[in-house]
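J.: File name entry-v7.txt; file contents compact mmCIF, C-alpha atoms; full text below.
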# COMPACT_ATOMS: atom_id res chain seq x y z
CA MET A 1 0.50 152.85 119.01
CA GLU A 2 4.13 152.19 119.87
CA GLU A 3 5.01 148.51 119.73
CA SER A 4 6.50 148.65 123.22
CA LEU A 5 3.13 149.76 124.63
CA LYS A 6 1.19 146.87 123.09
CA LYS A 7 0.55 143.84 125.22
CA ASP A 8 -2.03 141.18 124.69
CA LEU A 9 -5.11 141.93 126.82
CA VAL A 10 -5.64 138.28 127.68
CA ASP A 11 -2.01 137.95 128.81
CA CYS A 12 -2.51 141.02 131.01
CA ILE A 13 -5.64 139.51 132.55
CA TYR A 14 -3.95 136.18 133.26
CA ASP A 15 -0.66 137.70 134.46
CA ASN A 16 -2.03 140.48 136.64
CA LEU A 17 -4.82 138.43 138.20
CA ASN A 18 -2.54 135.43 138.68
CA ILE A 19 -4.88 133.02 136.92
CA GLU A 20 -4.21 130.12 134.60
CA GLY A 21 -5.41 130.00 131.03
CA THR A 22 -8.58 128.06 130.39
CA ASP A 23 -8.79 125.21 127.90
CA PRO A 24 -11.92 126.09 125.90
CA SER A 25 -12.38 122.50 124.75
CA GLN A 26 -13.09 121.57 128.39
CA LEU A 27 -15.90 124.11 128.81
CA SER A 28 -19.59 123.62 128.20
CA PRO A 29 -21.07 125.44 125.20
CA LEU A 30 -23.09 127.69 127.51
CA VAL A 31 -19.93 128.73 129.37
CA LEU A 32 -18.33 129.51 126.01
CA ALA A 33 -21.42 131.56 125.09
CA TYR A 34 -21.20 133.37 128.45
CA ILE A 35 -17.71 134.71 127.68
CA GLY A 36 -18.46 134.96 123.96
CA ASP A 37 -21.30 137.37 124.65
CA SER A 38 -18.90 139.70 126.45
CA ILE A 39 -16.09 139.55 123.91
CA PHE A 40 -18.52 140.11 121.02
CA ASP A 41 -19.96 143.11 122.89
CA LEU A 42 -16.45 144.50 123.38
CA ILE A 43 -15.58 144.02 119.69
CA ILE A 44 -18.76 145.78 118.57
CA LYS A 45 -18.32 148.64 121.05
CA THR A 46 -14.74 149.09 119.83
CA TRP A 47 -16.02 149.16 116.24
CA VAL A 48 -18.79 151.65 117.10
CA ILE A 49 -16.43 154.14 118.80
CA SER A 50 -14.08 153.92 115.81
CA GLN A 51 -16.83 155.47 113.70
CA GLY A 52 -16.31 158.83 115.34
CA ASN A 53 -17.59 160.84 118.24
CA MET A 54 -21.32 160.65 118.86
CA GLN A 55 -23.61 160.75 121.83
CA VAL A 56 -23.23 157.75 124.10
CA ASN A 57 -26.95 157.07 123.75
CA LYS A 58 -26.52 156.73 119.97
CA MET A 59 -23.49 154.48 120.45
CA ASN A 60 -25.51 152.31 122.83
CA LYS A 61 -28.42 152.04 120.37
CA LYS A 62 -26.09 151.08 117.52
CA THR A 63 -24.30 148.51 119.68
CA SER A 64 -27.58 147.06 120.98
CA SER A 65 -28.92 146.68 117.45
CA ILE A 66 -25.91 144.51 116.56
CA VAL A 67 -25.42 142.44 119.70
CA LYS A 68 -29.08 141.39 119.90
CA ALA A 69 -29.97 137.78 119.17
CA GLN A 70 -31.72 138.52 115.88
CA THR A 71 -28.66 140.24 114.39
CA GLN A 72 -26.29 137.57 115.72
CA SER A 73 -28.54 134.98 114.09
CA GLN A 74 -28.27 136.85 110.77
CA MET A 75 -24.49 137.09 111.14
CA VAL A 76 -24.08 133.38 111.79
CA GLY A 77 -26.13 132.68 108.67
CA ILE A 78 -23.60 134.72 106.71
CA ILE A 79 -20.42 133.31 108.25
CA GLU A 80 -21.49 129.67 108.51
CA PRO A 81 -20.22 128.77 105.01
CA TYR A 82 -16.77 130.10 106.02
CA LEU A 83 -16.47 128.01 109.19
CA ASN A 84 -14.06 125.10 109.25
CA GLU A 85 -15.23 121.74 110.61
CA HIS A 86 -14.10 122.44 114.16
CA GLU A 87 -15.64 125.92 114.26
CA GLU A 88 -18.90 124.54 112.89
CA ALA A 89 -18.91 121.85 115.58
CA VAL A 90 -18.42 124.48 118.33
CA TYR A 91 -21.22 126.58 116.83
CA LYS A 92 -23.59 123.61 116.64
CA ARG A 93 -22.81 122.55 120.22
CA GLY A 94 -23.74 126.06 121.36
CA ARG A 95 -26.82 126.22 119.17
CA ASN A 96 -28.07 122.87 120.45
CA ALA A 97 -27.27 123.46 124.13
CA LYS A 98 -30.23 123.36 126.47
CA SER A 99 -30.49 126.86 127.92
CA TYR A 100 -32.95 127.63 130.68
CA THR A 101 -33.27 131.25 129.64
CA SER A 102 -34.43 132.96 126.47
CA ALA A 103 -34.07 136.35 124.86
CA LYS A 104 -36.72 138.90 125.67
CA ASN A 105 -37.33 139.96 122.08
CA ALA A 106 -36.15 137.06 119.93
CA SER A 107 -37.59 133.90 118.48
CA VAL A 108 -36.41 130.60 119.92
CA GLY A 109 -34.55 129.88 116.66
CA ASP A 110 -32.75 133.23 116.65
CA TYR A 111 -31.86 132.83 120.32
CA ARG A 112 -30.40 129.37 119.76
CA ARG A 113 -28.38 130.46 116.71
CA ALA A 114 -27.15 133.49 118.66
CA THR A 115 -26.09 131.21 121.52
CA GLY A 116 -24.13 129.11 119.02
CA PHE A 117 -22.53 132.26 117.61
CA GLU A 118 -21.55 133.43 121.09
CA ALA A 119 -20.15 129.97 121.92
CA LEU A 120 -17.99 130.20 118.79
CA MET A 121 -16.81 133.70 119.76
CA GLY A 122 -15.99 132.45 123.26
CA TYR A 123 -14.08 129.47 121.90
CA LEU A 124 -12.05 131.59 119.48
CA TYR A 125 -11.32 134.14 122.22
CA LEU A 126 -10.22 131.62 124.83
CA SER A 127 -8.11 129.71 122.32
CA GLY A 128 -6.30 132.92 121.29
CA GLN A 129 -7.64 132.94 117.74
CA TYR A 130 -8.27 136.68 117.72
CA ASP A 131 -7.56 137.19 114.02
CA ARG A 132 -10.05 134.49 113.08
CA MET A 133 -12.62 135.81 115.55
CA THR A 134 -12.43 139.35 114.21
CA GLU A 135 -12.30 138.14 110.59
CA LEU A 136 -15.62 136.35 111.08
CA VAL A 137 -17.16 139.33 112.90
CA LYS A 138 -16.06 141.61 110.03
CA LYS A 139 -17.69 139.30 107.45
CA GLY A 140 -20.91 139.48 109.44
CA LEU A 141 -20.71 143.25 109.94
CA ASP A 142 -19.98 143.89 106.27
CA SER A 143 -23.06 141.96 105.20
CA ILE A 144 -25.48 143.50 107.70
CA GLU A 145 -24.20 146.99 106.87
CA GLU A 146 -25.06 146.56 103.18
Can you present the structure in this file as structure tokens?
T.:
Amino acid sequence: MEESLKKDLVDCIYDNLNIEGTDPSQLSPLVLAYIGDSIFDLIIKTWVISQGNMQVNKMNKKTSSIVKAQTQSQMVGIIEPYLNEHEEAVYKRGRNAKSYTSAKNASVGDYRRATGFEALMGYLYLSGQYDRMTELVKKGLDSIEE
């Protein structure tokens, strides 16, 4: 893509909707998980479509198999040794947050680890650490693809 056509998506959102950036350190872990769920879904959908044309139903099944709590729990088990102190603290805050909902098809442990993973994704997204966010997702994807 031409360099002149590239613009940071987050900058576009903030600029065009006339909103201020959000300090992720001021948000609850469940709010971080709320946005983290969406950004992780977007990353995985982007990855799935990069694998070539296929029926949308197949893309949806592949995406769903990765964004579910059980797979996120596996991924966090893989990336946890690579987290720095601050990232680990964000993950643990999310994992330990008291949620009043639970996943339909996941154990409580998987759901809590997935919530921590999503909180970490939300934190990295809102703090503009896109390279780090996608680096960690790639580590997780590489290991579950093996």
J.: Taking 4 positions as the minimum chain separation for residues in the same chain, which residues sit within 10 Å of A:Lys68 when counting only C-alpha atoms? Answer as a PyMOL selection string.
T.: chain A and resi 37+41+63-64+72-73+103-106+110-111+114
J.: One decimal, Å: what's the distance from atom CA of A:Ile43 over to atom CA of A:Val67, could you say?
T.: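 Atom CA of A:Ile43 sits 10.0 Å away from atom CA of A:Val67.
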J.: For A:Tyr125, find every residue with an atom within 9 Å (counting only C-alpha atoms), except residues of its own chain fewer than 3 positions away, and show them as a compact mmCIF listing (two decimals) with C-alpha atoms, in the coordinates of the input.
T.:
# COMPACT_ATOMS: atom_id res chain seq x y z
CA VAL A 10 -5.64 138.28 127.68
CA PRO A 24 -11.92 126.09 125.90
CA ILE A 35 -17.71 134.71 127.68
CA GLY A 36 -18.46 134.96 123.96
CA ILE A 39 -16.09 139.55 123.91
CA LEU A 120 -17.99 130.20 118.79
CA MET A 121 -16.81 133.70 119.76
CA GLY A 122 -15.99 132.45 123.26
CA GLY A 128 -6.30 132.92 121.29
CA GLN A 129 -7.64 132.94 117.74
CA TYR A 130 -8.27 136.68 117.72
CA MET A 133 -12.62 135.81 115.55
J.: In terms of the shortest atom-to-atom distance over all atoms listed in the file, which of A:Ser50, A:Gln55, A:Asn96, A:Ser65 is closest to A:Gly109?
T.: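 Ranked by minimum distance to A:Gly109, first place goes to A:Asn96.
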J.: Give me, please, the distance in Å between atom CA of A:Val137 and atom CA of A:Ile79, quoted to one decimal.
T.: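 Interatomic distance, atom CA of A:Val137 to atom CA of A:Ile79: 8.3 Å.
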J.: Quick one: distance from atom CA of A:Arg95 to atom CA of A:Phe40 in Å, one decimal?
T.: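 Separating atom CA of A:Arg95 from atom CA of A:Phe40 is a distance of 16.3 Å.
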J.: List as a list in words the protein and nucleic acid residues near A:Val31, meaning an atom at most 12 Å away when all atoms listed in the file are counted, but skip any in the same chain fewer than 5 places from it.
T.: Thr22, Asp23, Pro24, Ser25, Gln26, Gly36, Asp37, Ser38, Val90, Arg93, Gly94, Ala97, Lys98, Ser99, Thr115, Gly116, Glu118, Ala119, Leu120, Met121, Gly122, Tyr123 and Leu126 of chain A
J.: Go through A:Val76, A:Asp11, A:Ser102, A:Glu85 one by one, measure the shortest atom-to-atom distance of each to A:Gly140 using only C-alpha atoms, and give the residue with the smallest value.
T.: A:Val76
J.: With distances taken over all atoms listed in the file, which of A:Arg113, A:Val108, A:Asp131, A:Tyr91 is nearest to A:Pro29?
T.: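 Using all atoms listed in the file, A:Pro29 sits closest to A:Tyr91.
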J.: Please produce stretch 73-94 of chain A, completed to N, CA and C atoms, as a PDB file, in the coordinates of the input.
T.:
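Contents of the output file selection.pdb:
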ATOM      1  N   SER A  73     -28.009 136.071 114.887  1.00  0.00           N
ATOM      2  CA  SER A  73     -28.540 134.980 114.090  1.00  0.00           C
ATOM      3  C   SER A  73     -28.308 135.240 112.598  1.00  0.00           C
ATOM      4  N   GLN A  74     -28.538 136.472 112.165  1.00  0.00           N
ATOM      5  CA  GLN A  74     -28.270 136.850 110.770  1.00  0.00           C
ATOM      6  C   GLN A  74     -26.785 136.688 110.455  1.00  0.00           C
ATOM      7  N   MET A  75     -25.942 137.149 111.366  1.00  0.00           N
ATOM      8  CA  MET A  75     -24.490 137.090 111.140  1.00  0.00           C
ATOM      9  C   MET A  75     -24.013 135.650 111.015  1.00  0.00           C
ATOM     10  N   VAL A  76     -24.529 134.760 111.857  1.00  0.00           N
ATOM     11  CA  VAL A  76     -24.080 133.380 111.790  1.00  0.00           C
ATOM     12  C   VAL A  76     -24.531 132.738 110.484  1.00  0.00           C
ATOM     13  N   GLY A  77     -25.685 133.164 109.963  1.00  0.00           N
ATOM     14  CA  GLY A  77     -26.130 132.680 108.670  1.00  0.00           C
ATOM     15  C   GLY A  77     -25.178 133.079 107.549  1.00  0.00           C
ATOM     16  N   ILE A  78     -24.547 134.211 107.709  1.00  0.00           N
ATOM     17  CA  ILE A  78     -23.600 134.720 106.710  1.00  0.00           C
ATOM     18  C   ILE A  78     -22.241 134.040 106.836  1.00  0.00           C
ATOM     19  N   ILE A  79     -21.774 133.853 108.069  1.00  0.00           N
ATOM     20  CA  ILE A  79     -20.420 133.310 108.250  1.00  0.00           C
ATOM     21  C   ILE A  79     -20.365 131.793 108.233  1.00  0.00           C
ATOM     22  N   GLU A  80     -21.505 131.131 108.402  1.00  0.00           N
ATOM     23  CA  GLU A  80     -21.490 129.670 108.510  1.00  0.00           C
ATOM     24  C   GLU A  80     -20.770 128.983 107.350  1.00  0.00           C
ATOM     25  N   PRO A  81     -20.945 129.430 106.103  1.00  0.00           N
ATOM     26  CA  PRO A  81     -20.220 128.770 105.010  1.00  0.00           C
ATOM     27  C   PRO A  81     -18.692 128.903 105.105  1.00  0.00           C
ATOM     28  N   TYR A  82     -18.218 129.858 105.881  1.00  0.00           N
ATOM     29  CA  TYR A  82     -16.770 130.100 106.020  1.00  0.00           C
ATOM     30  C   TYR A  82     -16.153 129.340 107.195  1.00  0.00           C
ATOM     31  N   LEU A  83     -16.984 128.695 108.000  1.00  0.00           N
ATOM     32  CA  LEU A  83     -16.470 128.010 109.190  1.00  0.00           C
ATOM     33  C   LEU A  83     -15.791 126.701 108.786  1.00  0.00           C
ATOM     34  N   ASN A  84     -14.681 126.420 109.451  1.00  0.00           N
ATOM     35  CA  ASN A  84     -14.060 125.100 109.250  1.00  0.00           C
ATOM     36  C   ASN A  84     -14.842 124.081 110.072  1.00  0.00           C
ATOM     37  N   GLU A  85     -14.479 122.817 109.931  1.00  0.00           N
ATOM     38  CA  GLU A  85     -15.230 121.740 110.610  1.00  0.00           C
ATOM     39  C   GLU A  85     -15.287 121.932 112.122  1.00  0.00           C
ATOM     40  N   HIS A  86     -14.147 122.287 112.700  1.00  0.00           N
ATOM     41  CA  HIS A  86     -14.100 122.440 114.160  1.00  0.00           C
ATOM     42  C   HIS A  86     -14.949 123.623 114.615  1.00  0.00           C
ATOM     43  N   GLU A  87     -14.839 124.744 113.911  1.00  0.00           N
ATOM     44  CA  GLU A  87     -15.640 125.920 114.260  1.00  0.00           C
ATOM     45  C   GLU A  87     -17.136 125.614 114.130  1.00  0.00           C
ATOM     46  N   GLU A  88     -17.499 124.899 113.084  1.00  0.00           N
ATOM     47  CA  GLU A  88     -18.900 124.540 112.890  1.00  0.00           C
ATOM     48  C   GLU A  88     -19.394 123.641 114.031  1.00  0.00           C
ATOM     49  N   ALA A  89     -18.537 122.732 114.470  1.00  0.00           N
ATOM     50  CA  ALA A  89     -18.910 121.850 115.580  1.00  0.00           C
ATOM     51  C   ALA A  89     -19.128 122.648 116.864  1.00  0.00           C
ATOM     52  N   VAL A  90     -18.261 123.623 117.129  1.00  0.00           N
ATOM     53  CA  VAL A  90     -18.420 124.480 118.330  1.00  0.00           C
ATOM     54  C   VAL A  90     -19.729 125.254 118.221  1.00  0.00           C
ATOM     55  N   TYR A  91     -19.977 125.832 117.048  1.00  0.00           N
ATOM     56  CA  TYR A  91     -21.220 126.580 116.830  1.00  0.00           C
ATOM     57  C   TYR A  91     -22.442 125.700 117.076  1.00  0.00           C
ATOM     58  N   LYS A  92     -22.436 124.505 116.509  1.00  0.00           N
ATOM     59  CA  LYS A  92     -23.590 123.610 116.640  1.00  0.00           C
ATOM     60  C   LYS A  92     -23.788 123.141 118.083  1.00  0.00           C
ATOM     61  N   ARG A  93     -22.692 122.907 118.801  1.00  0.00           N
ATOM     62  CA  ARG A  93     -22.810 122.550 120.220  1.00  0.00           C
ATOM     63  C   ARG A  93     -23.503 123.667 120.992  1.00  0.00           C
ATOM     64  N   GLY A  94     -23.113 124.910 120.708  1.00  0.00           N
ATOM     65  CA  GLY A  94     -23.740 126.060 121.360  1.00  0.00           C
ATOM     66  C   GLY A  94     -25.185 126.232 120.960  1.00  0.00           C
TER      67      GLY A  94
END
